[in-house]
file upload16.pdb (PDB, C-alpha atoms, pLDDT in the B column)
ATOM      1  CA  MET A   1      -7.724  17.617  17.797  1.00 44.00           C
ATOM      2  CA  MET A   2      -9.276  19.833  15.185  1.00 44.00           C
ATOM      3  CA  SER A   3     -12.666  19.054  13.699  1.00 46.00           C
ATOM      4  CA  PRO A   4     -12.618  18.707   9.902  1.00 45.00           C
ATOM      5  CA  THR A   5     -16.216  19.860   9.630  1.00 46.00           C
ATOM      6  CA  THR A   6     -15.961  23.236  11.348  1.00 42.00           C
ATOM      7  CA  ASP A   7     -12.436  24.637  11.115  1.00 53.00           C
ATOM      8  CA  ASP A   8     -12.417  24.885   7.334  1.00 63.00           C
ATOM      9  CA  PRO A   9     -15.671  25.512   5.418  1.00 64.00           C
ATOM     10  CA  GLN A  10     -14.087  24.130   2.263  1.00 78.00           C
ATOM     11  CA  LEU A  11     -13.725  20.655   3.752  1.00 83.00           C
ATOM     12  CA  ALA A  12     -16.284  17.968   2.988  1.00 86.00           C
ATOM     13  CA  ARG A  13     -17.526  14.974   4.954  1.00 87.00           C
ATOM     14  CA  PRO A  14     -18.743  11.490   3.965  1.00 89.00           C
ATOM     15  CA  ALA A  15     -22.456  11.347   3.198  1.00 89.00           C
ATOM     16  CA  SER A  16     -23.049   8.176   5.224  1.00 91.00           C
ATOM     17  CA  LYS A  17     -21.384   5.232   6.924  1.00 93.00           C
ATOM     18  CA  THR A  18     -21.773   3.315   3.673  1.00 93.00           C
ATOM     19  CA  ALA A  19     -19.848   6.009   1.811  1.00 91.00           C
ATOM     20  CA  LEU A  20     -17.180   5.834   4.507  1.00 92.00           C
ATOM     21  CA  PHE A  21     -16.972   2.042   4.128  1.00 93.00           C
ATOM     22  CA  TRP A  22     -16.532   2.169   0.357  1.00 92.00           C
ATOM     23  CA  ALA A  23     -14.032   5.025   0.563  1.00 91.00           C
ATOM     24  CA  PHE A  24     -11.745   3.011   2.817  1.00 91.00           C
ATOM     25  CA  SER A  25     -12.352  -0.145   0.777  1.00 90.00           C
ATOM     26  CA  TRP A  26     -11.188   1.705  -2.339  1.00 89.00           C
ATOM     27  CA  LEU A  27      -8.249   3.088  -0.433  1.00 86.00           C
ATOM     28  CA  ALA A  28      -7.245  -0.376   0.772  1.00 85.00           C
ATOM     29  CA  LEU A  29      -7.554  -1.876  -2.712  1.00 83.00           C
ATOM     30  CA  GLN A  30      -5.424   0.853  -4.278  1.00 80.00           C
ATOM     31  CA  GLY A  31      -2.556   0.137  -1.934  1.00 68.00           C
ATOM     32  CA  PHE A  32      -2.994  -3.546  -1.252  1.00 56.00           C
ATOM     33  CA  GLY A  33      -0.010  -4.506   0.841  1.00 52.00           C
ATOM     34  CA  GLY A  34       0.383  -0.997   2.259  1.00 57.00           C
ATOM     35  CA  VAL A  35      -1.700   2.157   1.841  1.00 69.00           C
ATOM     36  CA  VAL A  36       0.492   4.607   3.724  1.00 67.00           C
ATOM     37  CA  ALA A  37       1.533   6.448   0.584  1.00 67.00           C
ATOM     38  CA  LEU A  38      -2.056   6.817  -0.629  1.00 80.00           C
ATOM     39  CA  VAL A  39      -3.880   7.972   2.497  1.00 84.00           C
ATOM     40  CA  GLN A  40      -2.809  11.606   2.245  1.00 82.00           C
ATOM     41  CA  ARG A  41      -3.749  11.901  -1.420  1.00 84.00           C
ATOM     42  CA  GLU A  42      -7.131  10.230  -0.952  1.00 86.00           C
ATOM     43  CA  MET A  43      -8.208  11.907   2.310  1.00 88.00           C
ATOM     44  CA  VAL A  44      -6.745  15.385   1.712  1.00 87.00           C
ATOM     45  CA  GLU A  45      -6.382  16.025  -1.999  1.00 85.00           C
ATOM     46  CA  LYS A  46      -9.252  14.027  -3.506  1.00 89.00           C
ATOM     47  CA  ARG A  47     -12.023  13.750  -0.917  1.00 89.00           C
ATOM     48  CA  ARG A  48     -11.109  16.856   1.122  1.00 89.00           C
ATOM     49  CA  TRP A  49     -12.158  15.212   4.387  1.00 91.00           C
ATOM     50  CA  LEU A  50      -9.049  16.596   6.100  1.00 89.00           C
ATOM     51  CA  SER A  51      -6.744  19.537   5.632  1.00 86.00           C
ATOM     52  CA  ASN A  52      -2.993  18.977   5.394  1.00 84.00           C
ATOM     53  CA  GLU A  53      -2.544  20.193   8.964  1.00 83.00           C
ATOM     54  CA  GLN A  54      -5.298  17.947  10.312  1.00 87.00           C
ATOM     55  CA  PHE A  55      -3.923  14.964   8.423  1.00 87.00           C
ATOM     56  CA  LEU A  56      -0.465  15.559   9.846  1.00 83.00           C
ATOM     57  CA  GLU A  57      -1.821  15.747  13.396  1.00 85.00           C
ATOM     58  CA  ASP A  58      -3.980  12.638  13.019  1.00 89.00           C
ATOM     59  CA  TRP A  59      -1.198  10.717  11.328  1.00 85.00           C
ATOM     60  CA  ALA A  60       1.170  11.554  14.167  1.00 83.00           C
ATOM     61  CA  VAL A  61      -1.320  10.115  16.662  1.00 87.00           C
ATOM     62  CA  ALA A  62      -1.938   7.036  14.489  1.00 87.00           C
ATOM     63  CA  GLN A  63       1.828   6.536  14.213  1.00 81.00           C
ATOM     64  CA  ILE A  64       2.422   6.263  17.957  1.00 80.00           C
ATOM     65  CA  MET A  65      -0.646   4.164  18.779  1.00 82.00           C
ATOM     66  CA  PRO A  66      -0.353   0.354  18.818  1.00 81.00           C
ATOM     67  CA  GLY A  67      -1.350  -1.337  15.584  1.00 79.00           C
ATOM     68  CA  PRO A  68      -1.089  -0.485  11.871  1.00 82.00           C
ATOM     69  CA  ASN A  69      -1.056   3.233  11.135  1.00 84.00           C
ATOM     70  CA  VAL A  70      -3.764   3.178   8.489  1.00 86.00           C
ATOM     71  CA  VAL A  71      -6.063   1.079  10.656  1.00 89.00           C
ATOM     72  CA  ASN A  72      -5.676   3.559  13.497  1.00 91.00           C
ATOM     73  CA  MET A  73      -6.343   6.371  11.040  1.00 90.00           C
ATOM     74  CA  SER A  74      -9.528   4.727   9.754  1.00 91.00           C
ATOM     75  CA  LEU A  75     -10.835   4.285  13.308  1.00 92.00           C
ATOM     76  CA  MET A  76     -10.071   7.904  14.206  1.00 93.00           C
ATOM     77  CA  LEU A  77     -11.617   9.389  11.085  1.00 92.00           C
ATOM     78  CA  GLY A  78     -14.701   7.153  11.118  1.00 93.00           C
ATOM     79  CA  GLY A  79     -15.285   7.875  14.787  1.00 93.00           C
ATOM     80  CA  ARG A  80     -14.926  11.613  14.195  1.00 92.00           C
ATOM     81  CA  PHE A  81     -17.703  11.678  11.618  1.00 92.00           C
ATOM     82  CA  PHE A  82     -20.140   9.003  12.827  1.00 93.00           C
ATOM     83  CA  GLY A  83     -19.036   7.877  16.271  1.00 93.00           C
ATOM     84  CA  ALA A  84     -18.496   4.189  17.076  1.00 93.00           C
ATOM     85  CA  GLY A  85     -20.554   3.060  14.085  1.00 93.00           C
ATOM     86  CA  GLY A  86     -18.427   5.137  11.742  1.00 93.00           C
ATOM     87  CA  ALA A  87     -15.243   3.754  13.263  1.00 94.00           C
ATOM     88  CA  LEU A  88     -16.446   0.205  12.664  1.00 95.00           C
ATOM     89  CA  ALA A  89     -17.561   1.030   9.105  1.00 94.00           C
ATOM     90  CA  ALA A  90     -14.181   2.541   8.250  1.00 93.00           C
ATOM     91  CA  LEU A  91     -12.337  -0.377   9.837  1.00 93.00           C
ATOM     92  CA  ALA A  92     -14.454  -2.882   7.934  1.00 94.00           C
ATOM     93  CA  GLY A  93     -13.757  -1.056   4.691  1.00 91.00           C
ATOM     94  CA  MET A  94     -10.039  -1.082   5.389  1.00 89.00           C
ATOM     95  CA  LEU A  95      -9.853  -4.819   6.188  1.00 89.00           C
ATOM     96  CA  ALA A  96     -12.697  -6.781   4.570  1.00 91.00           C
ATOM     97  CA  LEU A  97     -11.833  -6.830   0.849  1.00 88.00           C
ATOM     98  CA  PRO A  98      -8.024  -7.071   1.305  1.00 83.00           C
ATOM     99  CA  LEU A  99      -8.559 -10.032   3.643  1.00 87.00           C
ATOM    100  CA  CYS A 100     -10.681 -11.805   1.031  1.00 89.00           C
ATOM    101  CA  ILE A 101      -8.096 -11.131  -1.685  1.00 85.00           C
ATOM    102  CA  MET A 102      -5.269 -12.298   0.544  1.00 81.00           C
ATOM    103  CA  LEU A 103      -6.999 -15.577   1.332  1.00 86.00           C
ATOM    104  CA  LEU A 104      -7.657 -16.119  -2.368  1.00 85.00           C
ATOM    105  CA  LEU A 105      -4.020 -15.427  -3.249  1.00 79.00           C
ATOM    106  CA  VAL A 106      -2.812 -17.847  -0.591  1.00 78.00           C
ATOM    107  CA  VAL A 107      -4.902 -20.577  -2.157  1.00 79.00           C
ATOM    108  CA  LEU A 108      -3.924 -19.774  -5.739  1.00 73.00           C
ATOM    109  CA  VAL A 109      -0.190 -19.050  -5.524  1.00 71.00           C
ATOM    110  CA  SER A 110       0.998 -21.033  -2.495  1.00 70.00           C
ATOM    111  CA  ALA A 111       2.839 -23.416  -4.818  1.00 69.00           C
ATOM    112  CA  TRP A 112       4.938 -20.588  -6.352  1.00 73.00           C
ATOM    113  CA  VAL A 113       5.744 -18.490  -3.291  1.00 66.00           C
ATOM    114  CA  GLU A 114       9.325 -19.790  -2.998  1.00 71.00           C
ATOM    115  CA  THR A 115      10.239 -19.396  -6.672  1.00 75.00           C
ATOM    116  CA  PRO A 116      12.946 -16.861  -7.673  1.00 79.00           C
ATOM    117  CA  VAL A 117      10.495 -14.982  -9.910  1.00 76.00           C
ATOM    118  CA  VAL A 118       8.121 -14.293  -7.032  1.00 71.00           C
ATOM    119  CA  HIS A 119      11.005 -13.271  -4.749  1.00 72.00           C
ATOM    120  CA  GLY A 120      12.289 -10.878  -7.391  1.00 75.00           C
ATOM    121  CA  ALA A 121       8.838  -9.365  -7.881  1.00 74.00           C
ATOM    122  CA  LEU A 122       8.483  -8.785  -4.142  1.00 70.00           C
ATOM    123  CA  ARG A 123      11.879  -7.049  -3.967  1.00 75.00           C
ATOM    124  CA  GLY A 124      10.875  -4.755  -6.815  1.00 76.00           C
ATOM    125  CA  LEU A 125       7.557  -3.954  -5.160  1.00 73.00           C
ATOM    126  CA  GLY A 126       9.421  -3.160  -1.950  1.00 72.00           C
ATOM    127  CA  ALA A 127      11.463  -0.521  -3.760  1.00 75.00           C
ATOM    128  CA  VAL A 128       8.316   0.993  -5.254  1.00 74.00           C
ATOM    129  CA  ALA A 129       6.629   1.084  -1.833  1.00 72.00           C
ATOM    130  CA  ALA A 130       9.665   2.819  -0.326  1.00 74.00           C
ATOM    131  CA  GLY A 131       9.516   5.478  -3.036  1.00 76.00           C
ATOM    132  CA  LEU A 132       5.800   6.069  -2.468  1.00 71.00           C
ATOM    133  CA  ILE A 133       6.308   6.426   1.289  1.00 73.00           C
ATOM    134  CA  ALA A 134       9.179   8.857   0.735  1.00 76.00           C
ATOM    135  CA  GLY A 135       6.992  10.933  -1.594  1.00 73.00           C
ATOM    136  CA  THR A 136       4.231  11.076   1.014  1.00 69.00           C
ATOM    137  CA  GLY A 137       6.761  12.161   3.623  1.00 72.00           C
ATOM    138  CA  LEU A 138       7.807  15.067   1.417  1.00 76.00           C
ATOM    139  CA  LYS A 139       4.178  16.135   0.998  1.00 70.00           C
ATOM    140  CA  MET A 140       3.751  16.123   4.767  1.00 71.00           C
ATOM    141  CA  LEU A 141       6.620  18.586   5.204  1.00 74.00           C
ATOM    142  CA  ALA A 142       4.565  21.564   4.005  1.00 73.00           C
ATOM    143  CA  PRO A 143       2.215  21.773   7.033  1.00 72.00           C
ATOM    144  CA  LEU A 144       5.247  21.844   9.344  1.00 75.00           C
ATOM    145  CA  ARG A 145       5.776  25.469   8.345  1.00 77.00           C
ATOM    146  CA  HIS A 146       2.784  26.311  10.554  1.00 79.00           C
ATOM    147  CA  ASN A 147       3.871  24.068  13.420  1.00 82.00           C
ATOM    148  CA  PRO A 148       4.473  25.932  16.707  1.00 85.00           C
ATOM    149  CA  LEU A 149       7.984  24.454  16.912  1.00 85.00           C
ATOM    150  CA  GLY A 150       9.039  25.981  13.595  1.00 84.00           C
ATOM    151  CA  THR A 151      10.636  24.364  10.577  1.00 83.00           C
ATOM    152  CA  VAL A 152      14.189  24.202  11.944  1.00 87.00           C
ATOM    153  CA  ARG A 153      13.310  22.448  15.192  1.00 88.00           C
ATOM    154  CA  CYS A 154      10.922  20.076  13.395  1.00 86.00           C
ATOM    155  CA  ALA A 155      13.679  19.169  10.942  1.00 84.00           C
ATOM    156  CA  ALA A 156      16.111  18.623  13.817  1.00 89.00           C
ATOM    157  CA  LEU A 157      13.656  16.279  15.524  1.00 89.00           C
ATOM    158  CA  VAL A 158      13.184  14.349  12.291  1.00 85.00           C
ATOM    159  CA  VAL A 159      16.954  13.897  11.979  1.00 90.00           C
ATOM    160  CA  VAL A 160      17.272  12.806  15.608  1.00 92.00           C
ATOM    161  CA  ALA A 161      14.479  10.234  15.238  1.00 89.00           C
ATOM    162  CA  PHE A 162      15.956   8.947  11.971  1.00 87.00           C
ATOM    163  CA  VAL A 163      19.394   8.504  13.508  1.00 92.00           C
ATOM    164  CA  MET A 164      17.977   6.697  16.542  1.00 92.00           C
ATOM    165  CA  VAL A 165      15.853   4.280  14.525  1.00 89.00           C
ATOM    166  CA  GLY A 166      17.561   4.040  11.141  1.00 85.00           C
ATOM    167  CA  VAL A 167      21.230   4.300  12.122  1.00 90.00           C
ATOM    168  CA  LEU A 168      21.528   3.228  15.746  1.00 92.00           C
ATOM    169  CA  ARG A 169      18.723   0.652  15.396  1.00 90.00           C
ATOM    170  CA  TRP A 170      17.160   1.544  18.720  1.00 91.00           C
ATOM    171  CA  PRO A 171      13.728  -0.041  19.336  1.00 90.00           C
ATOM    172  CA  LEU A 172      10.961   2.252  18.151  1.00 83.00           C
ATOM    173  CA  VAL A 173       9.038   2.015  21.413  1.00 84.00           C
ATOM    174  CA  TRP A 174      11.997   3.412  23.382  1.00 90.00           C
ATOM    175  CA  VAL A 175      12.546   6.182  20.862  1.00 90.00           C
ATOM    176  CA  LEU A 176       8.901   7.205  21.166  1.00 85.00           C
ATOM    177  CA  LEU A 177       8.948   7.030  24.965  1.00 87.00           C
ATOM    178  CA  GLY A 178      12.117   9.121  25.034  1.00 90.00           C
ATOM    179  CA  LEU A 179      11.170  11.765  22.480  1.00 90.00           C
ATOM    180  CA  ALA A 180       7.437  12.130  23.221  1.00 87.00           C
ATOM    181  CA  PRO A 181       7.748  13.963  26.572  1.00 90.00           C
ATOM    182  CA  VAL A 182      10.544  16.176  25.229  1.00 91.00           C
ATOM    183  CA  VAL A 183       8.596  17.145  22.102  1.00 90.00           C
ATOM    184  CA  THR A 184       5.398  17.655  24.111  1.00 89.00           C
ATOM    185  CA  ALA A 185       7.160  20.016  26.503  1.00 91.00           C
ATOM    186  CA  MET A 186       8.770  21.921  23.615  1.00 91.00           C
ATOM    187  CA  ALA A 187       5.419  22.297  21.831  1.00 88.00           C
ATOM    188  CA  ALA A 188       3.628  23.409  25.019  1.00 89.00           C
ATOM    189  CA  LEU A 189       6.304  26.050  25.656  1.00 91.00           C
ATOM    190  CA  ALA A 190       6.152  27.290  22.054  1.00 88.00           C
ATOM    191  CA  ILE A 191       2.346  27.532  22.146  1.00 87.00           C
ATOM    192  CA  SER A 192       2.417  29.390  25.470  1.00 88.00           C
ATOM    193  CA  ARG A 193       4.850  31.897  23.997  1.00 84.00           C
ATOM    194  CA  GLN A 194       2.545  32.435  21.028  1.00 79.00           C
ATOM    195  CA  VAL A 195      -0.393  33.057  23.327  1.00 74.00           C
ATOM    196  CA  ARG A 196       1.612  35.352  25.663  1.00 64.00           C
ATOM    197  CA  PRO A 197       4.412  37.185  23.791  1.00 55.00           C
ATOM    198  CA  THR A 198       7.868  37.044  25.347  1.00 50.00           C
ATOM    199  CA  GLY A 199       8.442  39.846  27.834  1.00 52.00           C
ATOM    200  CA  SER A 200       4.807  40.420  28.783  1.00 52.00           C
ATOM    201  CA  PRO A 201       4.035  39.991  32.477  1.00 52.00           C
ATOM    202  CA  PRO A 202       2.203  36.867  33.655  1.00 48.00           C
ATOM    203  CA  GLN A 203      -1.559  37.187  33.958  1.00 49.00           C
ATOM    204  CA  HIS A 204      -1.565  37.255  37.778  1.00 47.00           C
ATOM    205  CA  LEU A 205       0.996  40.107  37.879  1.00 44.00           C
ATOM    206  CA  THR A 206      -0.828  42.551  35.626  1.00 46.00           C
ATOM    207  CA  ALA A 207      -2.383  45.577  37.255  1.00 44.00           C
ATOM    208  CA  PRO A 208      -6.146  45.480  37.726  1.00 44.00           C
TER
END
call {"tool": "encode", "arguments": {"input": "upload16.pdb", "output": "structure tokens"}}
result
Amino acid sequence: MMSPTTDDPQLARPASKTALFWAFSWLALQGFGGVVALVQREMVEKRRWLSNEQFLEDWAVAQIMPGPNVVNMSLMLGGRFFGAGGALAALAGMLALPLCIMLLLVVLVSAWVETPVVHGALRGLGAVAAGLIAGTGLKMLAPLRHNPLGTVRCAALVVVAFVMVGVLRWPLVWVLLGLAPVVTAMAALAISRQVRPTGSPPQHLTAP
């Protein structure tokens, strides 16, 4: 995995674990109920802690790991900058304030949860969240132009995964277990071809 502090001199890093905690707290509060659509904008465009390519790689790993994507992302990013302490600081920032707000809301609005107005509001918020996630997905398409697999094969894999999960309703875990080795092999082959152009002899066959 690429390091955000050395590969691109234009990238920044959090000043301290405290700064990391408050950054993820602010991120969690902006998207209370789901911050997927805001992570890319906050980490890449505003704070410049990651490039688009690094974000896409880290998000792919966070997506296939057990647990919420954004929680996995906070652990990975915090650990990258400050080790185990940074991972815990980022995780605390992601969970502490939303947990307090959620407990307060449960106490205050438990009597109105089943009312039609609340149900209607939740349906409307669901549509907004879907739009935000779709917008983030479109932003994440740009780095795929530099992916070793190429844009066409990446798009084909996206369609295959969508059909398996969204149309055929196959369990996500089986889709991941089925596609992961195939995609890994394809990427390894593409990278090896970039390193050694097609048609050149293998290293052990070249003349001394």
call {"tool": "resolve_selection", "arguments": {"input": "upload16.pdb", "expression": "the PyMOL selection byres ((chain A and resi 98) around 12)", "output": "mmCIF file with C-alpha atoms, in the coordinates of the input"}}
result
data_model
loop_
_atom_site.group_PDB
_atom_site.id
_atom_site.type_symbol
_atom_site.label_atom_id
_atom_site.label_comp_id
_atom_site.auth_asym_id
_atom_site.auth_seq_id
_atom_site.Cartn_x
_atom_site.Cartn_y
_atom_site.Cartn_z
ATOM 1 C CA PHE A 24 -11.745 3.011 2.817
ATOM 2 C CA SER A 25 -12.352 -0.145 0.777
ATOM 3 C CA TRP A 26 -11.188 1.705 -2.339
ATOM 4 C CA LEU A 27 -8.249 3.088 -0.433
ATOM 5 C CA ALA A 28 -7.245 -0.376 0.772
ATOM 6 C CA LEU A 29 -7.554 -1.876 -2.712
ATOM 7 C CA GLN A 30 -5.424 0.853 -4.278
ATOM 8 C CA GLY A 31 -2.556 0.137 -1.934
ATOM 9 C CA PHE A 32 -2.994 -3.546 -1.252
ATOM 10 C CA GLY A 33 -0.010 -4.506 0.841
ATOM 11 C CA GLY A 34 0.383 -0.997 2.259
ATOM 12 C CA VAL A 35 -1.700 2.157 1.841
ATOM 13 C CA LEU A 91 -12.337 -0.377 9.837
ATOM 14 C CA ALA A 92 -14.454 -2.882 7.934
ATOM 15 C CA GLY A 93 -13.757 -1.056 4.691
ATOM 16 C CA MET A 94 -10.039 -1.082 5.389
ATOM 17 C CA LEU A 95 -9.853 -4.819 6.188
ATOM 18 C CA ALA A 96 -12.697 -6.781 4.570
ATOM 19 C CA LEU A 97 -11.833 -6.830 0.849
ATOM 20 C CA LEU A 99 -8.559 -10.032 3.643
ATOM 21 C CA CYS A 100 -10.681 -11.805 1.031
ATOM 22 C CA ILE A 101 -8.096 -11.131 -1.685
ATOM 23 C CA MET A 102 -5.269 -12.298 0.544
ATOM 24 C CA LEU A 103 -6.999 -15.577 1.332
ATOM 25 C CA LEU A 104 -7.657 -16.119 -2.368
ATOM 26 C CA LEU A 105 -4.020 -15.427 -3.249
#
call {"tool": "resolve_selection", "arguments": {"input": "upload16.pdb", "expression": "the PyMOL selection byres ((chain A and resi 47-63) around 10)", "output": "PyMOL selection string"}}
result
chain A and resi 1-5+7-8+10-14+23+36+39-46+64-77+81+139-147+176
call {"tool": "closest_residue", "arguments": {"input": "upload16.pdb", "among": "A:Glu114, A:Gly150, A:Met164, A:Ala19", "to": "Ala89 (chain A)", "atoms": "all atoms listed in the file"}}
result
A:Ala19
call {"tool": "closest_residue", "arguments": {"input": "upload16.pdb", "among": "A:Leu38, A:Thr151, A:Pro171, A:Gly86", "to": "Ala15 (chain A)", "atoms": "all atoms listed in the file"}}
result
A:Gly86
call {"tool": "decode", "arguments": {"input": "upload16.pdb", "residues": "region 124-139 of chain A", "atoms": "C-alpha atoms", "output": "PDB file, in the first residue's frame"}}
result
ATOM      1  CA  GLY A 124     -36.541  10.616   2.069  1.00  0.00           C
ATOM      2  CA  LEU A 125     -33.176  10.518   3.818  1.00  0.00           C
ATOM      3  CA  GLY A 126     -32.557   7.093   2.300  1.00  0.00           C
ATOM      4  CA  ALA A 127     -32.978   8.537  -1.186  1.00  0.00           C
ATOM      5  CA  VAL A 128     -30.586  11.374  -0.378  1.00  0.00           C
ATOM      6  CA  ALA A 129     -28.002   8.924   0.991  1.00  0.00           C
ATOM      7  CA  ALA A 130     -28.263   6.807  -2.163  1.00  0.00           C
ATOM      8  CA  GLY A 131     -27.613   9.879  -4.303  1.00  0.00           C
ATOM      9  CA  LEU A 132     -24.574  10.866  -2.237  1.00  0.00           C
ATOM     10  CA  ILE A 133     -23.117   7.356  -2.483  1.00  0.00           C
ATOM     11  CA  ALA A 134     -23.689   7.312  -6.242  1.00  0.00           C
ATOM     12  CA  GLY A 135     -21.916  10.670  -6.566  1.00  0.00           C
ATOM     13  CA  THR A 136     -18.935   9.363  -4.604  1.00  0.00           C
ATOM     14  CA  GLY A 137     -18.818   6.299  -6.835  1.00  0.00           C
ATOM     15  CA  LEU A 138     -18.583   8.525  -9.900  1.00  0.00           C
ATOM     16  CA  LYS A 139     -15.710  10.473  -8.341  1.00  0.00           C
TER      17      LYS A 139
END
